[in-house]
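Participant: This is the structure I have questions about; it appears just below.
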Amino acid sequence: MVARAGTRAANAEAAACGAAGAVGARPATRRRGARLRRIAAVLAGHGLTSLLAPLGLARFAPLPGRGRGAGGTPGPSRPEHLRLALEELGATFVKLGQVASTRPDLLPPDYQVELAKLQDQAPPVPIEAVRAAIAVELGRPVEAVFARFEAQPLAAASIGQVHAATLPDGTEVAVKVRRPGVVDEVEQDLAVLEHLAAVANRTWAPAARYDLVGLAQEFGETLRAELDYRREGRNAERIAADFAGDPRLHVPRVFWAQSAGGVLTLERLRGIKVDDVGALDAAGIARPALAARAAGVVLDMVFEHGCFHADPHPGNLLVEPDGRIGLLDYGMVGTLDEATREELADVLLAVAVGDGAQLADALLELGVAQGGIDRPWLERDLERLVTRYRDQPLGEIPLRRILAEALDVVRRHGLVLPAKLALLAKTVAMYEALGARLDPTFQLTPVLAPYAERLLRRRFVPARLARRLVLTGLDAARLGATLPAEARRLLVALRRGTLEVGVRPEHVEPLLGRLERLTNRLVLGVLAAAFVNGLAVLLASPRAGGAEAWLGPLLGVGFALAAGLGLYLAWAILRSGRT
């Protein structure tokens, strides 16, 4: 893990230098230093000083006592301060907070709720810059591509903005244009984030346990994918193909001739926002049926197709006059392969039969453990969880409640869901909340139960069982063929004394760092005591003629140095106690 962290940190620094281009590495280093100072100042300004030392930002921190809302003063809560700090730091950090709000395995509910409020809004780019960006991306001026292009954007976010337009054949479209310069800005911030994550992995035990560098890398991949509008177009086309001919869902058509990496032209959808209850009622749309239809769509995405729209906030769902759901914005899409869906079936089966040990096996099979765990303690917690729902049919289990309790167990044991499963948990929770807004009596589990049962039955189809037996037999045959040679190499290495065992130092380095700090303080204390002792000897010793001329200034300097060392030592001890 540490080696991987170091490699990723090096890659991040190389990317930062590459973004600097012709200006050279030194200006890039200066920019990164300025950005680190800015981050430290914003965190300290919001009273989040406990984050500075783990992130290696303590040396950039402003003087104590300047934080807002610190020291118990009235004001925003700590989660609110974190949200405000991310908003102040700009687009990349807003996206970081939005992605973090989808990780219920990492953050407690109050932080999730607060970070989910982050609004990706920004002042609109002037229309002249938008037209210039389109001309560069498409190689043609706007007038040659669109018959009409509205200057006022429909929406403006930190990465891009959307304009209404009309194609020469009269088709109404929505044109998404990437903001000029945002790619370089995001790459520089991602390099800074990976650097901070690498520092935290080395010095902060929780960061190493959760592999903060790996999480920063996943976030970087997600954000880079969002910057490439061609990938978003492919996501839309994949979901459109999955639901071809399905009257429940309308996926906008992609116009590739008018699209590029920084421009995406989509069919413009019109309808009522899905959470506009008054307008839905006025249009005569049955909200309970709409809630069930939306839930059925997302469950089909997950369990039948393995590809799901992962950003279902109300602004991305429209209800068309015929009741069809129009789905917008395909920048964030999750995927689940067949093996993961089968492992999810094991989780559902363990919950249905109320077996804590089986549920622990299923969770560990999903890859939630980053390091060692206390297996008996985990089984006991899961057993208590499933016992409460053991006698209930699967369709009657309150999904939101059991999901919240399961994620509480995950956090308590330091487990980390794979990114795609964390995204799935957040998506399902958002759809259930949307269904409850449309219909207060809505429950997702009755809609989920048939999918779960089909998934479980599918595992025991004879053809599938036969295929798994064949694959297991091939694995056993390969193992049997290679095991003797591997065992012989191991025995030879043992006999020659050349066997090496790798030890991960992430648990040792924090201890060494703490020991080094304690030694430094001890040395400072000894120096301060030596100064005081030396001054006392000078005061008590007989003075020769003329000594008073130099003794006074010497004593003054000595007292100043001793006092400075003592005050610094006291401040360091108090500061370490607070953090």
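FYI, nothing fancy with the structure tokens labels: chains A, B, ... in order, residues from 1 per chain, ligands from 1 as they appear.
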I need the residues in segment 156-256 of chain A that are alpha helix (DSSP H) according to DSSP; give them as a VMD selection string.
Facilitator: chain A and resid 182 to 203 205 to 210 212 to 227 229 to 242
Participant: Kindly export the residues of the current selection with C-alpha atoms, as a PDB file, in the first residue's frame.
Facilitator:
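To be explicit, this is the file written out as again06.pdb:
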ATOM      1  CA  VAL A 182     -10.974  23.999 -16.440  1.00  0.00           C
ATOM      2  CA  VAL A 183      -8.945  20.939 -17.467  1.00  0.00           C
ATOM      3  CA  ASP A 184      -5.619  22.499 -16.380  1.00  0.00           C
ATOM      4  CA  GLU A 185      -7.189  23.800 -13.167  1.00  0.00           C
ATOM      5  CA  VAL A 186      -8.604  20.392 -12.265  1.00  0.00           C
ATOM      6  CA  GLU A 187      -5.349  18.558 -13.092  1.00  0.00           C
ATOM      7  CA  GLN A 188      -3.368  20.878 -10.816  1.00  0.00           C
ATOM      8  CA  ASP A 189      -5.839  20.409  -7.973  1.00  0.00           C
ATOM      9  CA  LEU A 190      -5.883  16.629  -8.453  1.00  0.00           C
ATOM     10  CA  ALA A 191      -2.076  16.580  -8.198  1.00  0.00           C
ATOM     11  CA  VAL A 192      -2.336  18.538  -4.943  1.00  0.00           C
ATOM     12  CA  LEU A 193      -5.001  16.171  -3.585  1.00  0.00           C
ATOM     13  CA  GLU A 194      -2.958  13.072  -4.370  1.00  0.00           C
ATOM     14  CA  HIS A 195       0.092  14.684  -2.739  1.00  0.00           C
ATOM     15  CA  LEU A 196      -1.945  15.415   0.422  1.00  0.00           C
ATOM     16  CA  ALA A 197      -3.335  11.869   0.395  1.00  0.00           C
ATOM     17  CA  ALA A 198       0.171  10.387   0.119  1.00  0.00           C
ATOM     18  CA  VAL A 199       1.344  12.477   3.085  1.00  0.00           C
ATOM     19  CA  ALA A 200      -1.692  11.426   5.138  1.00  0.00           C
ATOM     20  CA  ASN A 201      -1.167   7.758   4.255  1.00  0.00           C
ATOM     21  CA  ARG A 202       2.352   7.933   5.684  1.00  0.00           C
ATOM     22  CA  THR A 203       1.577   9.839   8.865  1.00  0.00           C
ATOM     23  CA  ALA A 205      -3.210   5.637  10.660  1.00  0.00           C
ATOM     24  CA  PRO A 206      -6.883   6.055   9.552  1.00  0.00           C
ATOM     25  CA  ALA A 207      -5.721   7.351   6.156  1.00  0.00           C
ATOM     26  CA  ALA A 208      -3.514   4.285   5.663  1.00  0.00           C
ATOM     27  CA  ARG A 209      -6.320   1.960   6.778  1.00  0.00           C
ATOM     28  CA  TYR A 210      -8.746   3.438   4.250  1.00  0.00           C
ATOM     29  CA  LEU A 212      -6.578   7.563   1.066  1.00  0.00           C
ATOM     30  CA  VAL A 213      -4.294   7.564  -1.975  1.00  0.00           C
ATOM     31  CA  GLY A 214      -6.463   4.927  -3.634  1.00  0.00           C
ATOM     32  CA  LEU A 215      -9.589   6.964  -2.872  1.00  0.00           C
ATOM     33  CA  ALA A 216      -7.950  10.106  -4.292  1.00  0.00           C
ATOM     34  CA  GLN A 217      -7.024   8.130  -7.397  1.00  0.00           C
ATOM     35  CA  GLU A 218     -10.620   6.906  -7.794  1.00  0.00           C
ATOM     36  CA  PHE A 219     -11.880  10.465  -7.414  1.00  0.00           C
ATOM     37  CA  GLY A 220      -9.409  11.652 -10.035  1.00  0.00           C
ATOM     38  CA  GLU A 221     -10.609   9.013 -12.489  1.00  0.00           C
ATOM     39  CA  THR A 222     -14.245   9.971 -11.840  1.00  0.00           C
ATOM     40  CA  LEU A 223     -13.594  13.680 -12.348  1.00  0.00           C
ATOM     41  CA  ARG A 224     -11.476  13.164 -15.478  1.00  0.00           C
ATOM     42  CA  ALA A 225     -14.286  11.045 -16.913  1.00  0.00           C
ATOM     43  CA  GLU A 226     -16.705  13.905 -16.227  1.00  0.00           C
ATOM     44  CA  LEU A 227     -14.393  16.286 -18.084  1.00  0.00           C
ATOM     45  CA  TYR A 229     -17.976  14.661 -22.737  1.00  0.00           C
ATOM     46  CA  ARG A 230     -17.436  11.877 -25.260  1.00  0.00           C
ATOM     47  CA  ARG A 231     -17.497   9.374 -22.399  1.00  0.00           C
ATOM     48  CA  GLU A 232     -20.732  10.889 -21.153  1.00  0.00           C
ATOM     49  CA  GLY A 233     -22.201  10.462 -24.629  1.00  0.00           C
ATOM     50  CA  ARG A 234     -21.173   6.799 -24.681  1.00  0.00           C
ATOM     51  CA  ASN A 235     -22.758   6.301 -21.251  1.00  0.00           C
ATOM     52  CA  ALA A 236     -26.031   7.724 -22.562  1.00  0.00           C
ATOM     53  CA  GLU A 237     -25.940   5.474 -25.611  1.00  0.00           C
ATOM     54  CA  ARG A 238     -25.278   2.369 -23.506  1.00  0.00           C
ATOM     55  CA  ILE A 239     -28.273   3.030 -21.258  1.00  0.00           C
ATOM     56  CA  ALA A 240     -30.379   3.895 -24.323  1.00  0.00           C
ATOM     57  CA  ALA A 241     -29.458   0.520 -25.858  1.00  0.00           C
ATOM     58  CA  ASP A 242     -30.328  -1.283 -22.601  1.00  0.00           C
TER      59      ASP A 242
END
Participant: Could you give me, as a list in words, each residue of segment 288-326 of chain A that DSSP assigns to strand (DSSP E) when run on this structure's backbone?
Facilitator: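 In segment 288-326 of chain A, DSSP puts these residues in strand (DSSP E): Cys307, Phe308, His309, Leu317, Leu318, Val319, Ile325 and Gly326 of chain A.
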Participant: For the residues selected in the previous step, produce a file with N, CA, C and O atoms as an mmCIF file, in the first residue's frame.
Facilitator:
data_model
loop_
_atom_site.group_PDB
_atom_site.id
_atom_site.type_symbol
_atom_site.label_atom_id
_atom_site.label_comp_id
_atom_site.auth_asym_id
_atom_site.auth_seq_id
_atom_site.Cartn_x
_atom_site.Cartn_y
_atom_site.Cartn_z
ATOM 1 N N CYS A 307 -25.553 -1.589 -15.420
ATOM 2 C CA CYS A 307 -25.096 -0.223 -15.702
ATOM 3 C C CYS A 307 -26.194 0.723 -15.249
ATOM 4 O O CYS A 307 -27.325 0.634 -15.738
ATOM 5 N N PHE A 308 -25.879 1.640 -14.311
ATOM 6 C CA PHE A 308 -26.933 2.476 -13.745
ATOM 7 C C PHE A 308 -26.515 3.940 -13.688
ATOM 8 O O PHE A 308 -25.347 4.268 -13.488
ATOM 9 N N HIS A 309 -27.504 4.798 -13.895
ATOM 10 C CA HIS A 309 -27.331 6.244 -13.757
ATOM 11 C C HIS A 309 -27.161 6.544 -12.272
ATOM 12 O O HIS A 309 -28.013 6.220 -11.454
ATOM 13 N N LEU A 317 -34.143 14.378 -13.550
ATOM 14 C CA LEU A 317 -35.276 13.535 -13.932
ATOM 15 C C LEU A 317 -36.468 14.419 -14.295
ATOM 16 O O LEU A 317 -36.908 15.265 -13.502
ATOM 17 N N LEU A 318 -36.976 14.242 -15.497
ATOM 18 C CA LEU A 318 -38.155 14.959 -15.970
ATOM 19 C C LEU A 318 -39.261 13.958 -16.233
ATOM 20 O O LEU A 318 -39.006 12.811 -16.625
ATOM 21 N N VAL A 319 -40.495 14.378 -16.030
ATOM 22 C CA VAL A 319 -41.662 13.539 -16.347
ATOM 23 C C VAL A 319 -42.341 14.160 -17.560
ATOM 24 O O VAL A 319 -42.826 15.302 -17.506
ATOM 25 N N ILE A 325 -40.293 8.836 -18.163
ATOM 26 C CA ILE A 325 -39.255 9.506 -17.383
ATOM 27 C C ILE A 325 -38.111 9.881 -18.317
ATOM 28 O O ILE A 325 -37.532 9.019 -18.988
ATOM 29 N N GLY A 326 -37.792 11.170 -18.367
ATOM 30 C CA GLY A 326 -36.656 11.648 -19.130
ATOM 31 C C GLY A 326 -35.445 11.779 -18.218
ATOM 32 O O GLY A 326 -35.524 12.442 -17.181
#
Participant: Excluding Phe303 of chain A and residues on its chain fewer than 3 positions from it, collect all residues at most 10 Å away from it, counting only C-alpha atoms, and give them as a list in words.
Facilitator: Val298, Leu299, Asp300, Gly306, Cys307, Phe308, Leu336, Asp337, Glu338, Arg341, Glu342, Leu344, Ala345, Leu448, Tyr451, Ala452, Arg454 and Leu455 of chain A
Participant: Keeping C-alpha atoms, export the residues of the selection given above as a tab-separated table (two decimals), in the first residue's frame.
Facilitator:
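Result written to part14.tsv:
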chain	number	residue	atom	x	y	z
A	298	VAL	CA	-33.19	1.79	-11.57
A	299	LEU	CA	-33.51	-1.83	-10.41
A	300	ASP	CA	-33.54	-2.97	-14.04
A	306	GLY	CA	-25.33	-3.93	-14.74
A	307	CYS	CA	-25.10	-0.22	-15.70
A	308	PHE	CA	-26.93	2.48	-13.74
A	336	LEU	CA	-21.63	-3.91	-11.87
A	337	ASP	CA	-20.23	-7.05	-13.46
A	338	GLU	CA	-21.91	-10.44	-13.21
A	341	ARG	CA	-24.14	-9.08	-8.81
A	342	GLU	CA	-23.79	-12.69	-7.69
A	344	LEU	CA	-24.79	-9.09	-3.89
A	345	ALA	CA	-27.13	-12.06	-4.16
A	448	LEU	CA	-36.75	-4.99	-4.97
A	451	TYR	CA	-35.34	-8.84	-8.56
A	452	ALA	CA	-33.54	-10.32	-5.56
A	454	ARG	CA	-34.69	-13.81	-9.59
A	455	LEU	CA	-31.05	-13.14	-8.87
Participant: Could you name the residues that touch Leu366 of chain A at 8 Å or less, counting only C-alpha atoms, but leaving out those on the same chain fewer than 4 positions away, as number ranges by chain?
Facilitator: A: 340, 343-344, 362, 417-418
Participant: Atom CA of Val177 of chain A to atom CA of Leu264 of chain A: how many Å, to one decimal?
Facilitator: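 We find that atom CA of Val177 of chain A and atom CA of Leu264 of chain A lie 6.7 Å from each other.
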Participant: Neighbours of Glu379 of chain A within 10 Å (only C-alpha atoms; same-chain residues fewer than 4 positions away dropped), as a PyMOL selection string?
Facilitator: chain A and resi 355-361+374-375+383-385
Participant: Figure out the distance between atom CA of Asp329 of chain A and atom CA of Glu267 of chain A, please, to one decimal in Å.
Facilitator: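 Between atom CA of Glu267 of chain A and atom CA of Asp329 of chain A the gap works out to 11.7 Å.
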Participant: Near Arg388 of chain A, counting only C-alpha atoms, which residues have an atom at most 12 Å away, once you skip same-chain residues fewer than 6 positions from it, shown as a list in words?
Facilitator: Val351, Ala352, Val353, Gly354, Asp355, Gly356, Asp381, Leu382, Ile397, Pro398, Arg401, Ile402 and Glu405 of chain A
Participant: Mind dumping the selected residues with all heavy atoms as a CSV table (one decimal), in the first residue's frame?
Facilitator:
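The resulting selection.csv:
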chain,number,residue,atom,x,y,z
A,351,VAL,N,-29.1,-12.0,4.5
A,351,VAL,CA,-30.1,-11.1,5.2
A,351,VAL,C,-31.4,-11.9,5.3
A,351,VAL,O,-32.0,-11.9,6.4
A,351,VAL,CB,-30.2,-9.8,4.5
A,351,VAL,CG1,-31.4,-9.0,5.2
A,351,VAL,CG2,-29.0,-9.0,4.6
A,352,ALA,N,-31.8,-12.5,4.2
A,352,ALA,CA,-33.1,-13.2,4.2
A,352,ALA,C,-33.1,-14.4,5.2
A,352,ALA,O,-34.1,-14.6,5.9
A,352,ALA,CB,-33.4,-13.7,2.8
A,353,VAL,N,-32.0,-15.1,5.4
A,353,VAL,CA,-32.0,-16.3,6.3
A,353,VAL,C,-31.5,-15.8,7.7
A,353,VAL,O,-31.6,-16.6,8.6
A,353,VAL,CB,-31.1,-17.4,5.8
A,353,VAL,CG1,-31.6,-17.9,4.4
A,353,VAL,CG2,-29.6,-17.0,5.7
A,354,GLY,N,-31.1,-14.6,7.8
A,354,GLY,CA,-30.7,-14.1,9.2
A,354,GLY,C,-29.4,-14.7,9.7
A,354,GLY,O,-29.3,-15.0,10.9
A,355,ASP,N,-28.4,-14.9,8.9
A,355,ASP,CA,-27.2,-15.6,9.3
A,355,ASP,C,-26.0,-14.6,9.3
A,355,ASP,O,-25.6,-14.1,8.2
A,355,ASP,CB,-26.9,-16.7,8.3
A,355,ASP,CG,-25.7,-17.6,8.8
A,355,ASP,OD1,-24.8,-17.1,9.5
A,355,ASP,OD2,-25.7,-18.8,8.5
A,356,GLY,N,-25.6,-14.1,10.5
A,356,GLY,CA,-24.5,-13.1,10.6
A,356,GLY,C,-23.2,-13.6,10.0
A,356,GLY,O,-22.5,-12.8,9.4
A,381,ASP,N,-21.7,-8.3,15.5
A,381,ASP,CA,-22.5,-7.1,15.1
A,381,ASP,C,-23.5,-7.4,14.0
A,381,ASP,O,-24.6,-6.9,14.0
A,381,ASP,CB,-21.5,-6.0,14.7
A,381,ASP,CG,-21.0,-5.2,15.8
A,381,ASP,OD1,-21.4,-5.4,17.0
A,381,ASP,OD2,-20.1,-4.3,15.6
A,382,LEU,N,-23.0,-8.2,13.0
A,382,LEU,CA,-23.9,-8.5,11.9
A,382,LEU,C,-25.1,-9.4,12.4
A,382,LEU,O,-26.2,-9.3,11.9
A,382,LEU,CB,-23.1,-9.2,10.8
A,382,LEU,CG,-22.2,-8.2,10.1
A,382,LEU,CD1,-21.3,-9.0,9.0
A,382,LEU,CD2,-22.9,-7.1,9.4
A,397,ILE,N,-38.8,-5.9,4.5
A,397,ILE,CA,-37.7,-5.4,5.3
A,397,ILE,C,-37.5,-3.9,4.9
A,397,ILE,O,-37.5,-3.6,3.8
A,397,ILE,CB,-36.4,-6.2,5.0
A,397,ILE,CG1,-36.5,-7.6,5.5
A,397,ILE,CG2,-35.2,-5.5,5.6
A,397,ILE,CD1,-35.4,-8.5,5.2
A,398,PRO,N,-37.5,-3.0,5.9
A,398,PRO,CA,-37.3,-1.6,5.6
A,398,PRO,C,-35.9,-1.3,5.1
A,398,PRO,O,-34.9,-1.3,5.9
A,398,PRO,CB,-37.5,-0.9,7.0
A,398,PRO,CG,-37.3,-2.0,8.0
A,398,PRO,CD,-37.6,-3.3,7.4
A,401,ARG,N,-33.6,1.6,6.5
A,401,ARG,CA,-33.2,1.4,7.9
A,401,ARG,C,-32.1,0.3,8.0
A,401,ARG,O,-31.0,0.6,8.6
A,401,ARG,CB,-34.3,1.0,8.8
A,401,ARG,CG,-34.0,1.0,10.3
A,401,ARG,CD,-35.1,0.3,11.1
A,401,ARG,NE,-36.4,0.8,10.8
A,401,ARG,CZ,-37.5,0.2,11.1
A,401,ARG,NH1,-37.5,-1.0,11.7
A,401,ARG,NH2,-38.7,0.7,10.8
A,402,ILE,N,-32.3,-0.8,7.3
A,402,ILE,CA,-31.2,-1.8,7.4
A,402,ILE,C,-30.0,-1.4,6.7
A,402,ILE,O,-28.9,-1.7,7.1
A,402,ILE,CB,-31.8,-3.2,6.8
A,402,ILE,CG1,-30.8,-4.3,7.2
A,402,ILE,CG2,-31.9,-3.1,5.3
A,402,ILE,CD1,-31.4,-5.7,6.9
A,405,GLU,N,-28.1,0.9,9.1
A,405,GLU,CA,-27.5,0.1,10.2
A,405,GLU,C,-26.3,-0.7,9.7
A,405,GLU,O,-25.3,-0.8,10.4
A,405,GLU,CB,-28.6,-0.8,10.8
A,405,GLU,CG,-29.7,-0.1,11.5
A,405,GLU,CD,-30.8,-1.0,12.0
A,405,GLU,OE1,-30.6,-2.3,11.8
A,405,GLU,OE2,-31.8,-0.5,12.6
Participant: What does the distance from atom CA of Ala279 of chain A to atom CA of Gly323 of chain A come to in Å, to one decimal?
Facilitator: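 Result for atom CA of Ala279 of chain A versus atom CA of Gly323 of chain A: 12.7 Å, one decimal.
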Participant: Mind checking which residues fall within 9 Å of Ala156 of chain A, counting only C-alpha atoms, ignoring those fewer than 4 positions away in the same chain, and posting them as a PDB file with N, CA, C and O atoms, in the first residue's frame?
Facilitator:
ATOM      1  N   ASP A 120     -23.257  22.641  -7.414  1.00  0.00           N
ATOM      2  CA  ASP A 120     -22.255  22.839  -8.458  1.00  0.00           C
ATOM      3  C   ASP A 120     -22.729  23.959  -9.377  1.00  0.00           C
ATOM      4  O   ASP A 120     -23.214  23.726 -10.481  1.00  0.00           O
ATOM      5  N   GLN A 121     -22.620  25.184  -8.885  1.00  0.00           N
ATOM      6  CA  GLN A 121     -23.039  26.355  -9.650  1.00  0.00           C
ATOM      7  C   GLN A 121     -21.860  27.305  -9.774  1.00  0.00           C
ATOM      8  O   GLN A 121     -21.000  27.373  -8.900  1.00  0.00           O
ATOM      9  N   ALA A 122     -21.850  28.063 -10.853  1.00  0.00           N
ATOM     10  CA  ALA A 122     -20.759  29.002 -11.090  1.00  0.00           C
ATOM     11  C   ALA A 122     -21.285  30.125 -11.980  1.00  0.00           C
ATOM     12  O   ALA A 122     -22.284  29.950 -12.697  1.00  0.00           O
ATOM     13  N   PRO A 123     -20.636  31.276 -11.948  1.00  0.00           N
ATOM     14  CA  PRO A 123     -21.038  32.354 -12.868  1.00  0.00           C
ATOM     15  C   PRO A 123     -20.889  31.889 -14.310  1.00  0.00           C
ATOM     16  O   PRO A 123     -19.937  31.178 -14.652  1.00  0.00           O
ATOM     17  N   PRO A 124     -21.813  32.271 -15.185  1.00  0.00           N
ATOM     18  CA  PRO A 124     -21.716  31.802 -16.575  1.00  0.00           C
ATOM     19  C   PRO A 124     -20.508  32.377 -17.298  1.00  0.00           C
ATOM     20  O   PRO A 124     -20.055  33.486 -17.024  1.00  0.00           O
ATOM     21  N   VAL A 125     -19.987  31.576 -18.212  1.00  0.00           N
ATOM     22  CA  VAL A 125     -18.880  32.026 -19.077  1.00  0.00           C
ATOM     23  C   VAL A 125     -19.460  32.980 -20.123  1.00  0.00           C
ATOM     24  O   VAL A 125     -20.550  32.727 -20.669  1.00  0.00           O
ATOM     25  N   GLY A 160     -18.862  22.983 -16.756  1.00  0.00           N
ATOM     26  CA  GLY A 160     -19.414  23.376 -18.045  1.00  0.00           C
ATOM     27  C   GLY A 160     -20.758  24.046 -17.881  1.00  0.00           C
ATOM     28  O   GLY A 160     -21.281  24.158 -16.769  1.00  0.00           O
ATOM     29  N   GLN A 161     -21.296  24.505 -18.986  1.00  0.00           N
ATOM     30  CA  GLN A 161     -22.626  25.099 -18.963  1.00  0.00           C
ATOM     31  C   GLN A 161     -23.398  24.632 -20.180  1.00  0.00           C
ATOM     32  O   GLN A 161     -22.817  24.187 -21.178  1.00  0.00           O
ATOM     33  N   VAL A 162     -24.736  24.736 -20.078  1.00  0.00           N
ATOM     34  CA  VAL A 162     -25.633  24.183 -21.098  1.00  0.00           C
ATOM     35  C   VAL A 162     -26.386  25.320 -21.773  1.00  0.00           C
ATOM     36  O   VAL A 162     -26.937  26.204 -21.097  1.00  0.00           O
TER      37      VAL A 162
END
